[in-house]
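Raw my_file-v7.txt, compact mmCIF, C-alpha atoms:
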```
# COMPACT_ATOMS: atom_id res chain seq x y z
CA LEU A 23 56.77 226.12 -87.03
CA LYS A 24 53.66 227.05 -85.10
CA GLY A 25 55.10 225.36 -81.99
CA ALA A 26 58.44 227.13 -82.46
CA LYS A 27 56.72 230.51 -82.62
CA ARG A 28 54.83 229.65 -79.45
CA ASP A 29 57.73 228.26 -77.40
CA LEU A 30 61.01 229.75 -78.67
CA VAL A 31 62.37 233.22 -77.96
CA TYR A 32 65.29 234.85 -79.76
CA VAL A 33 67.66 236.76 -77.42
CA SER A 34 68.96 239.52 -79.65
CA LEU A 35 71.86 240.91 -77.59
CA ALA A 36 73.39 237.46 -77.14
CA GLY A 37 72.24 235.83 -80.38
CA GLY A 38 70.88 232.89 -78.37
CA VAL A 39 67.60 231.00 -78.15
CA VAL A 40 65.43 230.15 -75.11
CA ASP A 41 62.72 227.48 -74.93
CA LEU A 42 59.85 228.73 -72.75
CA ARG A 43 58.55 225.20 -72.14
CA SER A 44 61.74 223.77 -70.66
CA GLY A 45 63.62 226.95 -69.70
CA ARG A 46 66.63 225.66 -71.63
CA ALA A 47 68.90 228.14 -73.41
CA TRP A 48 71.38 227.84 -76.27
CA ARG A 49 74.21 230.26 -77.01
CA THR A 50 73.57 230.25 -80.76
CA VAL A 51 70.73 229.56 -83.18
CA GLU A 52 72.78 226.75 -84.71
CA LEU A 53 73.00 224.91 -81.36
CA ALA A 54 69.23 225.24 -80.92
CA ALA A 55 68.67 224.01 -84.49
CA THR A 56 70.90 221.01 -83.80
CA HIS A 57 68.92 220.19 -80.64
CA PHE A 58 65.65 220.26 -82.61
CA ALA A 59 67.22 218.71 -85.72
CA GLY A 60 64.40 216.18 -86.04
CA SER A 61 61.87 218.98 -86.52
CA ARG A 62 61.94 219.68 -90.26
CA MET A 63 59.55 221.19 -92.76
CA THR A 64 59.21 221.74 -96.50
CA VAL A 65 59.63 225.34 -97.59
CA GLU A 66 58.16 226.53 -100.86
CA PRO A 67 60.46 228.76 -102.93
CA GLU A 68 59.62 232.40 -103.38
CA LYS A 69 58.05 233.22 -106.70
CA PRO A 70 60.40 235.18 -108.97
CA LYS A 71 59.40 238.75 -109.62
CA ASP A 72 58.03 239.53 -113.06
CA ASP A 73 60.31 242.19 -114.52
CA GLY A 74 58.44 242.30 -117.87
CA ASP A 75 61.00 240.27 -119.82
CA GLY A 76 58.91 237.14 -119.97
CA PRO A 77 59.59 233.71 -118.42
CA LYS A 78 63.10 232.92 -117.18
CA ARG A 79 65.12 230.07 -118.62
CA GLY A 80 66.48 227.22 -116.58
CA ARG A 81 65.00 224.86 -114.02
CA PRO A 82 62.41 226.50 -111.77
CA PRO A 83 63.27 226.62 -108.04
CA GLN A 84 62.11 223.54 -106.11
CA PRO A 85 60.72 223.15 -102.58
CA LYS A 86 63.38 222.21 -100.06
CA GLU A 87 63.46 220.64 -96.64
CA MET A 88 64.79 222.82 -93.80
CA ARG A 89 65.12 222.60 -90.05
CA VAL A 90 62.20 224.35 -88.35
CA VAL A 91 64.45 226.47 -86.12
CA ASN A 92 66.24 227.90 -89.17
CA VAL A 93 62.90 228.79 -90.76
CA TRP A 94 61.67 230.29 -87.47
CA VAL A 95 64.68 232.54 -87.03
CA GLY A 96 64.22 233.83 -90.62
CA ASP A 97 60.95 235.36 -89.42
CA ARG A 98 59.26 235.87 -92.77
CA ASN A 99 55.94 236.84 -91.18
CA GLY A 100 57.42 239.03 -88.46
CA ASP A 101 55.80 237.13 -85.56
CA ARG A 102 58.89 235.58 -83.97
CA LYS A 103 59.24 236.31 -80.24
CA THR A 104 62.31 238.50 -79.73
CA VAL A 105 63.69 240.04 -76.53
CA ASP A 106 66.89 241.80 -75.54
CA VAL A 107 68.25 239.53 -72.77
CA MET A 108 67.55 236.41 -70.72
CA THR A 109 66.91 236.39 -66.96
CA TRP A 110 65.50 234.27 -64.13
CA ALA A 111 62.92 236.11 -62.04
CA PRO A 112 60.63 234.06 -59.74
CA GLY A 113 57.11 235.46 -59.58
CA ARG A 114 57.41 237.54 -62.74
CA ARG A 115 55.90 236.98 -66.18
CA ALA A 116 57.51 234.97 -68.99
CA ILE A 117 58.40 238.23 -70.76
CA CYS A 118 59.35 240.83 -68.17
CA ALA A 119 61.57 243.83 -67.50
CA PRO A 120 65.28 242.95 -67.29
CA PRO A 121 67.14 243.32 -63.97
CA GLU A 122 69.47 245.82 -65.64
CA GLY A 123 68.96 248.10 -68.61
CA ARG A 124 65.94 248.67 -70.80
CA GLY A 125 63.90 246.56 -73.16
CA GLU A 126 62.49 243.11 -72.44
CA ALA A 127 63.82 239.88 -70.97
CA VAL A 128 62.70 236.28 -71.36
CA ASN A 129 62.14 234.77 -67.90
CA THR A 130 63.11 231.10 -67.56
CA TRP A 131 61.40 230.74 -64.15
CA SER A 132 58.62 228.16 -63.90
CA GLU A 133 56.27 227.98 -60.94
CA LEU A 134 56.93 225.37 -58.26
CA SER A 135 54.50 222.48 -58.56
CA PHE A 136 53.51 220.06 -55.83
CA LYS A 137 51.24 217.07 -55.60
CA ASP A 138 48.11 217.37 -53.52
CA ALA A 139 48.92 216.68 -49.87
CA PRO A 140 47.61 213.37 -48.48
CA ASP A 141 45.16 213.44 -45.59
CA ASP A 142 47.84 212.35 -43.11
CA TRP A 143 50.37 214.98 -44.21
CA THR A 144 50.86 216.29 -40.65
CA ASP A 145 51.89 212.82 -39.44
CA ARG A 146 54.29 212.44 -42.38
CA ALA A 147 55.81 215.90 -41.87
CA ALA A 148 56.22 215.32 -38.12
CA LYS A 149 59.39 213.28 -38.72
CA PHE A 150 61.01 216.24 -40.44
CA VAL A 151 59.80 218.79 -37.88
CA ASP A 152 60.87 216.62 -34.94
CA HIS A 153 64.34 216.18 -36.41
CA VAL A 154 64.74 219.94 -36.95
CA ARG A 155 63.73 220.54 -33.32
CA TRP A 156 66.28 217.93 -32.21
CA LEU A 157 69.01 219.63 -34.24
CA LEU A 158 68.06 223.08 -32.92
CA PRO A 159 66.96 222.54 -29.32
CA GLY A 160 65.77 225.34 -27.07
CA GLY A 161 64.85 228.92 -27.91
CA ASP A 162 63.20 229.95 -31.16
CA ASP A 163 65.84 228.62 -33.57
CA ALA A 164 63.78 225.67 -34.79
CA ASP A 165 60.69 227.81 -35.41
CA ASP A 166 62.80 230.43 -37.18
CA PHE A 167 64.40 227.78 -39.38
CA LEU A 168 61.03 226.23 -40.31
CA ASP A 169 59.68 229.71 -41.14
CA TRP A 170 62.77 230.31 -43.28
CA ILE A 171 62.08 227.08 -45.19
CA ALA A 172 58.37 227.89 -45.61
CA HIS A 173 59.27 231.32 -46.97
CA ILE A 174 61.20 229.68 -49.84
CA VAL A 175 58.02 228.01 -51.07
CA GLN A 176 55.57 230.80 -50.21
CA HIS A 177 57.64 233.69 -51.60
CA PRO A 178 60.39 232.23 -53.83
CA GLY A 179 61.15 235.60 -55.42
CA VAL A 180 61.72 237.45 -52.12
CA LEU A 181 65.29 237.20 -50.81
CA PRO A 182 65.33 237.04 -46.97
CA HIS A 183 68.93 238.41 -46.66
CA THR A 184 69.73 235.78 -44.03
CA ALA A 185 71.65 232.52 -44.26
CA TRP A 186 71.93 229.57 -41.86
CA LEU A 187 75.12 228.02 -40.53
CA MET A 188 74.79 224.89 -38.37
CA ILE A 189 77.88 223.86 -36.40
CA THR A 190 78.24 220.64 -34.40
CA SER A 191 81.33 218.83 -33.18
CA LYS A 192 79.75 215.46 -33.95
CA ARG A 193 79.34 213.94 -37.38
CA GLY A 194 76.45 211.86 -38.62
CA VAL A 195 73.68 213.73 -36.77
CA GLY A 196 71.39 213.98 -39.81
CA ARG A 197 71.88 217.51 -41.11
CA ASN A 198 72.34 216.27 -44.66
CA TRP A 199 69.08 214.35 -44.33
CA VAL A 200 67.32 217.69 -43.83
CA ALA A 201 69.05 218.97 -46.98
CA SER A 202 68.08 215.88 -48.98
CA VAL A 203 64.41 216.34 -48.06
CA LEU A 204 64.51 220.00 -49.10
CA ALA A 205 66.22 219.07 -52.37
CA ARG A 206 63.24 216.86 -53.23
CA VAL A 207 60.74 219.54 -52.30
CA LEU A 208 62.63 222.10 -54.40
CA ALA A 209 63.61 219.72 -57.19
CA GLY A 210 65.59 221.54 -59.86
CA HIS A 211 66.06 224.62 -57.69
CA ALA A 212 68.41 223.24 -55.02
CA ALA A 213 72.18 222.64 -55.20
CA LEU A 214 73.67 220.12 -52.76
CA GLY A 215 77.29 219.48 -51.81
CA VAL A 216 78.46 222.89 -53.02
CA ASP A 217 82.10 223.88 -52.48
CA LEU A 218 81.88 227.34 -50.91
CA GLY A 219 85.50 228.09 -51.72
CA GLU A 220 84.80 227.48 -55.40
CA VAL A 221 81.74 229.72 -55.28
CA LEU A 222 83.80 232.53 -53.75
CA GLY A 223 86.87 232.09 -55.94
CA SER A 224 85.80 230.82 -59.37
CA SER A 225 84.82 233.03 -62.28
CA PHE A 226 82.22 230.41 -63.32
CA ASN A 227 79.16 230.37 -61.06
CA GLU A 228 76.75 228.06 -62.86
CA ARG A 229 75.89 226.25 -59.59
CA LEU A 230 74.13 229.44 -58.45
CA SER A 231 72.00 229.69 -61.58
CA GLU A 232 68.23 229.39 -61.04
CA LYS A 233 68.67 228.16 -57.46
CA LEU A 234 66.41 228.85 -54.47
CA LEU A 235 68.56 226.84 -52.03
CA LEU A 236 72.29 226.16 -51.89
CA VAL A 237 73.68 223.65 -49.37
CA VAL A 238 77.35 223.57 -48.29
CA ASP A 239 78.29 220.35 -46.45
CA GLU A 240 81.77 221.12 -45.12
CA THR A 241 82.22 224.83 -44.46
CA ARG A 242 85.62 226.09 -43.31
CA GLU A 243 86.55 229.42 -44.84
CA GLY A 244 87.27 231.36 -41.62
CA SER A 245 91.03 230.92 -41.49
CA GLY A 246 93.77 231.97 -43.87
CA ALA A 247 95.25 235.23 -45.03
CA ASP A 248 92.38 236.09 -47.38
CA ARG A 249 89.57 235.48 -44.86
CA HIS A 250 88.47 239.15 -44.92
CA ARG A 251 88.21 239.09 -48.71
CA LYS A 252 86.14 235.92 -48.46
CA ALA A 253 83.89 237.51 -45.83
CA ASN A 254 83.15 240.46 -48.12
CA LYS A 255 82.57 238.20 -51.13
CA LEU A 256 80.26 235.90 -49.14
CA GLN A 257 78.15 238.81 -47.92
CA LYS A 258 77.85 240.07 -51.48
CA VAL A 259 76.89 236.66 -52.87
CA ILE A 260 74.19 236.20 -50.21
CA THR A 261 72.63 239.67 -50.30
CA GLU A 262 73.15 241.08 -53.81
CA GLU A 263 69.93 241.87 -55.67
CA HIS A 264 71.14 240.85 -59.13
CA ARG A 265 73.79 238.34 -60.12
CA GLU A 266 75.58 237.80 -63.42
CA ILE A 267 75.62 234.09 -64.25
CA ASN A 268 78.67 233.03 -66.24
CA PRO A 269 78.40 229.35 -67.26
CA LYS A 270 81.26 227.62 -69.04
CA PHE A 271 79.16 226.57 -72.01
CA GLY A 272 75.80 228.29 -71.65
CA LEU A 273 74.27 231.69 -72.30
CA LYS A 274 75.33 234.50 -69.97
CA SER A 275 72.53 236.26 -68.11
CA VAL A 276 71.77 238.59 -65.22
CA GLN A 277 69.40 236.90 -62.77
CA TYR A 278 67.52 238.08 -59.73
CA ASN A 279 69.23 236.66 -56.64
CA CYS A 280 66.74 234.46 -54.79
CA CYS A 281 69.19 231.85 -53.49
CA ARG A 282 69.17 230.93 -49.78
CA PHE A 283 72.36 229.53 -48.22
CA LEU A 284 72.28 226.60 -45.78
CA MET A 285 75.75 225.71 -44.50
CA PHE A 286 76.99 222.89 -42.25
CA SER A 287 80.32 222.63 -40.44
CA ASN A 288 82.16 220.81 -37.68
CA PHE A 289 84.46 223.75 -36.95
CA MET A 290 83.95 226.98 -35.06
CA ASP A 291 86.03 228.86 -37.63
CA ALA A 292 83.62 227.85 -40.39
CA LEU A 293 83.19 231.43 -41.58
CA PRO A 294 85.23 234.61 -41.03
```
So, in terms of structure tokens, how does the structure I just supplied come out?
Amino acid sequence: LKGAKRDLVYVSLAGGVVDLRSGRAWRTVELAATHFAGSRMTVEPEKPKDDGDGPKRGRPPQPKEMRVVNVWVGDRNGDRKTVDVMTWAPGRRAICAPPEGRGEAVNTWSELSFKDAPDDWTDRAAKFVDHVRWLLPGGDDADDFLDWIAHIVQHPGVLPHTAWLMITSKRGVGRNWVASVLARVLAGHAALGVDLGEVLGSSFNERLSEKLLLVVDETREGSGADRHRKANKLQKVITEEHREINPKFGLKSVQYNCCRFLMFSNFMDALP
């Protein structure tokens, strides 16, 4: 129970539960209780009030075993953590102001963690840097791209309002290798192989949830009758400050948009 009071937060407007340690959320208290079903405790019965009529007949109430989450949500002592909504806000505190409305929000963001760099880190990183410069030869494109990547790690909560689209007529030049390296650096906060058409057309956008980087392998949304609608939707998805996340089975939330788009294509009509 002590651990539940430390780690769990009740989201009142949705009736859900969030675990601060893992960032996981459940739509209902019952689903959270099922997840932690092995955590049980013995609850002593409340003493009956003395109404002056003497002892009551019958068997006295007995202690019973209950799931810890069900005891926690009962909040007998009034020290359960309770907020209004859930959000994801890099750089902000665990309990912070919500993106929209008043009250408080539980923030499921956890700081990026990296191992200490080895002494020869510059030699190891040179392979990545050299490949980026080969993909983006001449001019300042390579330096701009590397700065864009560094900004994700240095300021994850600051949206740059720019996206990258790399077009080449040849396949197999190693663009996805760049993406795979970044996915390991940003483990848990990168989405690879995303279908841009699905992002722009589906009502469920769970792939965008809690992401700092989104990679589209085969981009070709520039043709077709609804290309102008897609252009407007894409601009909104990239630059909007807040985003409502609507998962199929999870807890709805409004998150701060901190997702950078990296798109690859073999066609000049990749985007409208």
### Task
Write out as a ChimeraX atom specification the residues lying within 8 Å of A:Pro120, counting all atoms listed in the file and excluding same-chain residues fewer than 5 positions away.
/A:107-109,125-127
#### Entry: Non-local contacts of A:Ala26 (10 Å; only C-alpha atoms; under 5 positions in same chain excluded) as number ranges by chain
A: 31, 41-42, 58, 61, 90-91, 93-95, 102-103
Could the residues in this selection be saved with C-alpha atoms as a PDB file, keeping the file's coordinate frame?
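Contents of result26.pdb, freshly written:
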```
ATOM      1  CA  VAL A  31      62.370 233.220 -77.960  1.00  0.00           C
ATOM      2  CA  ASP A  41      62.720 227.480 -74.930  1.00  0.00           C
ATOM      3  CA  LEU A  42      59.850 228.730 -72.750  1.00  0.00           C
ATOM      4  CA  PHE A  58      65.650 220.260 -82.610  1.00  0.00           C
ATOM      5  CA  SER A  61      61.870 218.980 -86.520  1.00  0.00           C
ATOM      6  CA  VAL A  90      62.200 224.350 -88.350  1.00  0.00           C
ATOM      7  CA  VAL A  91      64.450 226.470 -86.120  1.00  0.00           C
ATOM      8  CA  VAL A  93      62.900 228.790 -90.760  1.00  0.00           C
ATOM      9  CA  TRP A  94      61.670 230.290 -87.470  1.00  0.00           C
ATOM     10  CA  VAL A  95      64.680 232.540 -87.030  1.00  0.00           C
ATOM     11  CA  ARG A 102      58.890 235.580 -83.970  1.00  0.00           C
ATOM     12  CA  LYS A 103      59.240 236.310 -80.240  1.00  0.00           C
TER      13      LYS A 103
END
```
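Rounded to one decimal, atom CA of A:Pro82 and atom CA of A:Met63 lie 19.9 Å from each other.
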Pick out the residues sitting within 9 Å of A:Leu236, and hand them over as a PDB file with C-alpha atoms, in the frame of the given file; count all atoms listed in the file, and ignore anything fewer than 4 positions along from it in its own chain.
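selection-v6.pdb, freshly written:
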```
ATOM      1  CA  HIS A 211      66.060 224.620 -57.690  1.00  0.00           C
ATOM      2  CA  ALA A 212      68.410 223.240 -55.020  1.00  0.00           C
ATOM      3  CA  ALA A 213      72.180 222.640 -55.200  1.00  0.00           C
ATOM      4  CA  LEU A 214      73.670 220.120 -52.760  1.00  0.00           C
ATOM      5  CA  GLY A 215      77.290 219.480 -51.810  1.00  0.00           C
ATOM      6  CA  VAL A 216      78.460 222.890 -53.020  1.00  0.00           C
ATOM      7  CA  ARG A 229      75.890 226.250 -59.590  1.00  0.00           C
ATOM      8  CA  LEU A 230      74.130 229.440 -58.450  1.00  0.00           C
ATOM      9  CA  CYS A 281      69.190 231.850 -53.490  1.00  0.00           C
ATOM     10  CA  ARG A 282      69.170 230.930 -49.780  1.00  0.00           C
ATOM     11  CA  PHE A 283      72.360 229.530 -48.220  1.00  0.00           C
ATOM     12  CA  LEU A 284      72.280 226.600 -45.780  1.00  0.00           C
ATOM     13  CA  MET A 285      75.750 225.710 -44.500  1.00  0.00           C
TER      14      MET A 285
END
```
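Pairwise distance (atom CA of A:Asp217, atom CA of A:Thr241) equals 8.1 Å.
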### Selection near A:Leu30, 12 Å with all atoms listed in the file, sequence-local residues under 2 positions removed, as a ChimeraX atom specification
/A:23-28,32-33,38-48,51,54-55,58,90-92,94-95,101-105,116-117,128-130
### Query
Skipping near chain neighbours, those fewer than 3 positions away, what residues fall within 9 Å of A:Glu262 using only C-alpha atoms, listed as a PyMOL selection string?
chain A and resi 183+257-259+265+278-279
Could you save the residues just selected, with C-alpha atoms, as a CSV table (one decimal), keeping the file's coordinate frame?
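Printed below is out_29.csv as written:
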```csv
chain,number,residue,atom,x,y,z
A,183,HIS,CA,68.9,238.4,-46.7
A,257,GLN,CA,78.2,238.8,-47.9
A,258,LYS,CA,77.8,240.1,-51.5
A,259,VAL,CA,76.9,236.7,-52.9
A,265,ARG,CA,73.8,238.3,-60.1
A,278,TYR,CA,67.5,238.1,-59.7
A,279,ASN,CA,69.2,236.7,-56.6
```
Can you sort out the box for stretch 42-52 of chain A, edges along x, y and z, all listed atoms in, 6 Å on every side, with centre and edge lengths in Å to one decimal, as JSON?
```
{"center_x": 66.4, "center_y": 227.0, "center_z": -77.2, "size_x": 27.7, "size_y": 18.5, "size_z": 27.0}
```
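Minimum atom-to-atom distances from A:Leu134, A:Ala253, A:Thr144, A:Val237 to A:Ala209 were compared using only C-alpha atoms, and the lowest value belongs to A:Leu134.
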### Coordinates-based distance that separates atom CA of A:Asn227 from atom CA of A:Arg242 (Å, one decimal)
19.4 Å
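Closest approach to A:Glu232 among A:Lys255, A:Arg115, A:Arg249, A:His264 is made by A:His264 (distances from all atoms listed in the file).
For the set A:Lys233, A:Arg62, A:Arg193, A:Lys149, the residue with the smallest atom-to-atom gap to A:Met88 is A:Arg62, counting all atoms listed in the file.
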### Query
Using only C-alpha atoms, which of A:Ile260, A:Leu168, A:Leu35, A:Leu273 sits nearest A:Thr184?
A:Ile260
What would stretch 257-288 of chain A look like with N, CA and C atoms restored, written as a PDB file, keeping the file's coordinate frame?
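Writing done, so here's result.pdb:
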```pdb
ATOM      1  N   GLN A 257      79.262 237.901 -48.203  1.00  0.00           N
ATOM      2  CA  GLN A 257      78.150 238.810 -47.920  1.00  0.00           C
ATOM      3  C   GLN A 257      77.517 239.302 -49.224  1.00  0.00           C
ATOM      4  N   LYS A 258      78.360 239.601 -50.190  1.00  0.00           N
ATOM      5  CA  LYS A 258      77.850 240.070 -51.480  1.00  0.00           C
ATOM      6  C   LYS A 258      77.046 238.984 -52.185  1.00  0.00           C
ATOM      7  N   VAL A 259      77.574 237.755 -52.185  1.00  0.00           N
ATOM      8  CA  VAL A 259      76.890 236.660 -52.870  1.00  0.00           C
ATOM      9  C   VAL A 259      75.527 236.378 -52.234  1.00  0.00           C
ATOM     10  N   ILE A 260      75.435 236.506 -50.911  1.00  0.00           N
ATOM     11  CA  ILE A 260      74.190 236.200 -50.210  1.00  0.00           C
ATOM     12  C   ILE A 260      73.149 237.301 -50.387  1.00  0.00           C
ATOM     13  N   THR A 261      73.584 238.564 -50.375  1.00  0.00           N
ATOM     14  CA  THR A 261      72.630 239.670 -50.300  1.00  0.00           C
ATOM     15  C   THR A 261      72.446 240.465 -51.582  1.00  0.00           C
ATOM     16  N   GLU A 262      73.271 240.263 -52.601  1.00  0.00           N
ATOM     17  CA  GLU A 262      73.150 241.080 -53.810  1.00  0.00           C
ATOM     18  C   GLU A 262      71.793 240.870 -54.475  1.00  0.00           C
ATOM     19  N   GLU A 263      71.264 241.934 -55.055  1.00  0.00           N
ATOM     20  CA  GLU A 263      69.930 241.870 -55.670  1.00  0.00           C
ATOM     21  C   GLU A 263      69.960 241.172 -57.021  1.00  0.00           C
ATOM     22  N   HIS A 264      70.971 241.466 -57.811  1.00  0.00           N
ATOM     23  CA  HIS A 264      71.140 240.850 -59.130  1.00  0.00           C
ATOM     24  C   HIS A 264      72.475 240.128 -59.163  1.00  0.00           C
ATOM     25  N   ARG A 265      72.553 239.110 -60.013  1.00  0.00           N
ATOM     26  CA  ARG A 265      73.790 238.340 -60.120  1.00  0.00           C
ATOM     27  C   ARG A 265      74.025 237.968 -61.588  1.00  0.00           C
ATOM     28  N   GLU A 266      75.242 238.240 -62.072  1.00  0.00           N
ATOM     29  CA  GLU A 266      75.580 237.800 -63.420  1.00  0.00           C
ATOM     30  C   GLU A 266      75.977 236.332 -63.368  1.00  0.00           C
ATOM     31  N   ILE A 267      75.321 235.518 -64.173  1.00  0.00           N
ATOM     32  CA  ILE A 267      75.620 234.090 -64.250  1.00  0.00           C
ATOM     33  C   ILE A 267      76.512 233.859 -65.462  1.00  0.00           C
ATOM     34  N   ASN A 268      77.671 233.261 -65.197  1.00  0.00           N
ATOM     35  CA  ASN A 268      78.670 233.030 -66.240  1.00  0.00           C
ATOM     36  C   ASN A 268      78.951 231.535 -66.341  1.00  0.00           C
ATOM     37  N   PRO A 269      78.143 230.788 -67.101  1.00  0.00           N
ATOM     38  CA  PRO A 269      78.400 229.350 -67.260  1.00  0.00           C
ATOM     39  C   PRO A 269      79.526 229.104 -68.245  1.00  0.00           C
ATOM     40  N   LYS A 270      80.155 227.939 -68.127  1.00  0.00           N
ATOM     41  CA  LYS A 270      81.260 227.620 -69.040  1.00  0.00           C
ATOM     42  C   LYS A 270      80.778 227.472 -70.473  1.00  0.00           C
ATOM     43  N   PHE A 271      79.607 226.860 -70.662  1.00  0.00           N
ATOM     44  CA  PHE A 271      79.160 226.570 -72.010  1.00  0.00           C
ATOM     45  C   PHE A 271      77.793 227.136 -72.351  1.00  0.00           C
ATOM     46  N   GLY A 272      77.147 227.809 -71.413  1.00  0.00           N
ATOM     47  CA  GLY A 272      75.800 228.290 -71.650  1.00  0.00           C
ATOM     48  C   GLY A 272      75.751 229.767 -72.010  1.00  0.00           C
ATOM     49  N   LEU A 273      74.545 230.305 -71.956  1.00  0.00           N
ATOM     50  CA  LEU A 273      74.270 231.690 -72.300  1.00  0.00           C
ATOM     51  C   LEU A 273      74.394 232.544 -71.050  1.00  0.00           C
ATOM     52  N   LYS A 274      75.205 233.593 -71.105  1.00  0.00           N
ATOM     53  CA  LYS A 274      75.330 234.500 -69.970  1.00  0.00           C
ATOM     54  C   LYS A 274      74.011 235.215 -69.716  1.00  0.00           C
ATOM     55  N   SER A 275      73.747 235.533 -68.450  1.00  0.00           N
ATOM     56  CA  SER A 275      72.530 236.260 -68.110  1.00  0.00           C
ATOM     57  C   SER A 275      72.709 236.958 -66.779  1.00  0.00           C
ATOM     58  N   VAL A 276      71.852 237.949 -66.526  1.00  0.00           N
ATOM     59  CA  VAL A 276      71.770 238.590 -65.220  1.00  0.00           C
ATOM     60  C   VAL A 276      70.467 238.140 -64.586  1.00  0.00           C
ATOM     61  N   GLN A 277      70.569 237.462 -63.439  1.00  0.00           N
ATOM     62  CA  GLN A 277      69.400 236.900 -62.770  1.00  0.00           C
ATOM     63  C   GLN A 277      69.122 237.631 -61.466  1.00  0.00           C
ATOM     64  N   TYR A 278      67.859 237.604 -61.062  1.00  0.00           N
ATOM     65  CA  TYR A 278      67.520 238.080 -59.730  1.00  0.00           C
ATOM     66  C   TYR A 278      68.048 237.062 -58.717  1.00  0.00           C
ATOM     67  N   ASN A 279      68.679 237.541 -57.670  1.00  0.00           N
ATOM     68  CA  ASN A 279      69.230 236.660 -56.640  1.00  0.00           C
ATOM     69  C   ASN A 279      68.133 236.261 -55.667  1.00  0.00           C
ATOM     70  N   CYS A 280      67.755 234.993 -55.706  1.00  0.00           N
ATOM     71  CA  CYS A 280      66.740 234.460 -54.790  1.00  0.00           C
ATOM     72  C   CYS A 280      67.259 233.205 -54.090  1.00  0.00           C
ATOM     73  N   CYS A 281      68.578 233.072 -54.001  1.00  0.00           N
ATOM     74  CA  CYS A 281      69.190 231.850 -53.490  1.00  0.00           C
ATOM     75  C   CYS A 281      69.457 231.954 -51.995  1.00  0.00           C
ATOM     76  N   ARG A 282      68.930 230.996 -51.216  1.00  0.00           N
ATOM     77  CA  ARG A 282      69.170 230.930 -49.780  1.00  0.00           C
ATOM     78  C   ARG A 282      70.339 229.977 -49.507  1.00  0.00           C
ATOM     79  N   PHE A 283      71.193 230.335 -48.562  1.00  0.00           N
ATOM     80  CA  PHE A 283      72.360 229.530 -48.220  1.00  0.00           C
ATOM     81  C   PHE A 283      72.121 228.777 -46.918  1.00  0.00           C
ATOM     82  N   LEU A 284      72.327 227.443 -46.959  1.00  0.00           N
ATOM     83  CA  LEU A 284      72.280 226.600 -45.780  1.00  0.00           C
ATOM     84  C   LEU A 284      73.630 225.894 -45.674  1.00  0.00           C
ATOM     85  N   MET A 285      74.376 226.191 -44.614  1.00  0.00           N
ATOM     86  CA  MET A 285      75.750 225.710 -44.500  1.00  0.00           C
ATOM     87  C   MET A 285      75.929 224.868 -43.242  1.00  0.00           C
ATOM     88  N   PHE A 286      76.686 223.792 -43.359  1.00  0.00           N
ATOM     89  CA  PHE A 286      76.990 222.890 -42.250  1.00  0.00           C
ATOM     90  C   PHE A 286      78.493 222.877 -42.012  1.00  0.00           C
ATOM     91  N   SER A 287      78.891 222.708 -40.751  1.00  0.00           N
ATOM     92  CA  SER A 287      80.320 222.630 -40.440  1.00  0.00           C
ATOM     93  C   SER A 287      80.521 221.899 -39.122  1.00  0.00           C
ATOM     94  N   ASN A 288      81.739 221.398 -38.952  1.00  0.00           N
ATOM     95  CA  ASN A 288      82.160 220.810 -37.680  1.00  0.00           C
ATOM     96  C   ASN A 288      83.215 221.661 -36.994  1.00  0.00           C
TER      97      ASN A 288
END
```
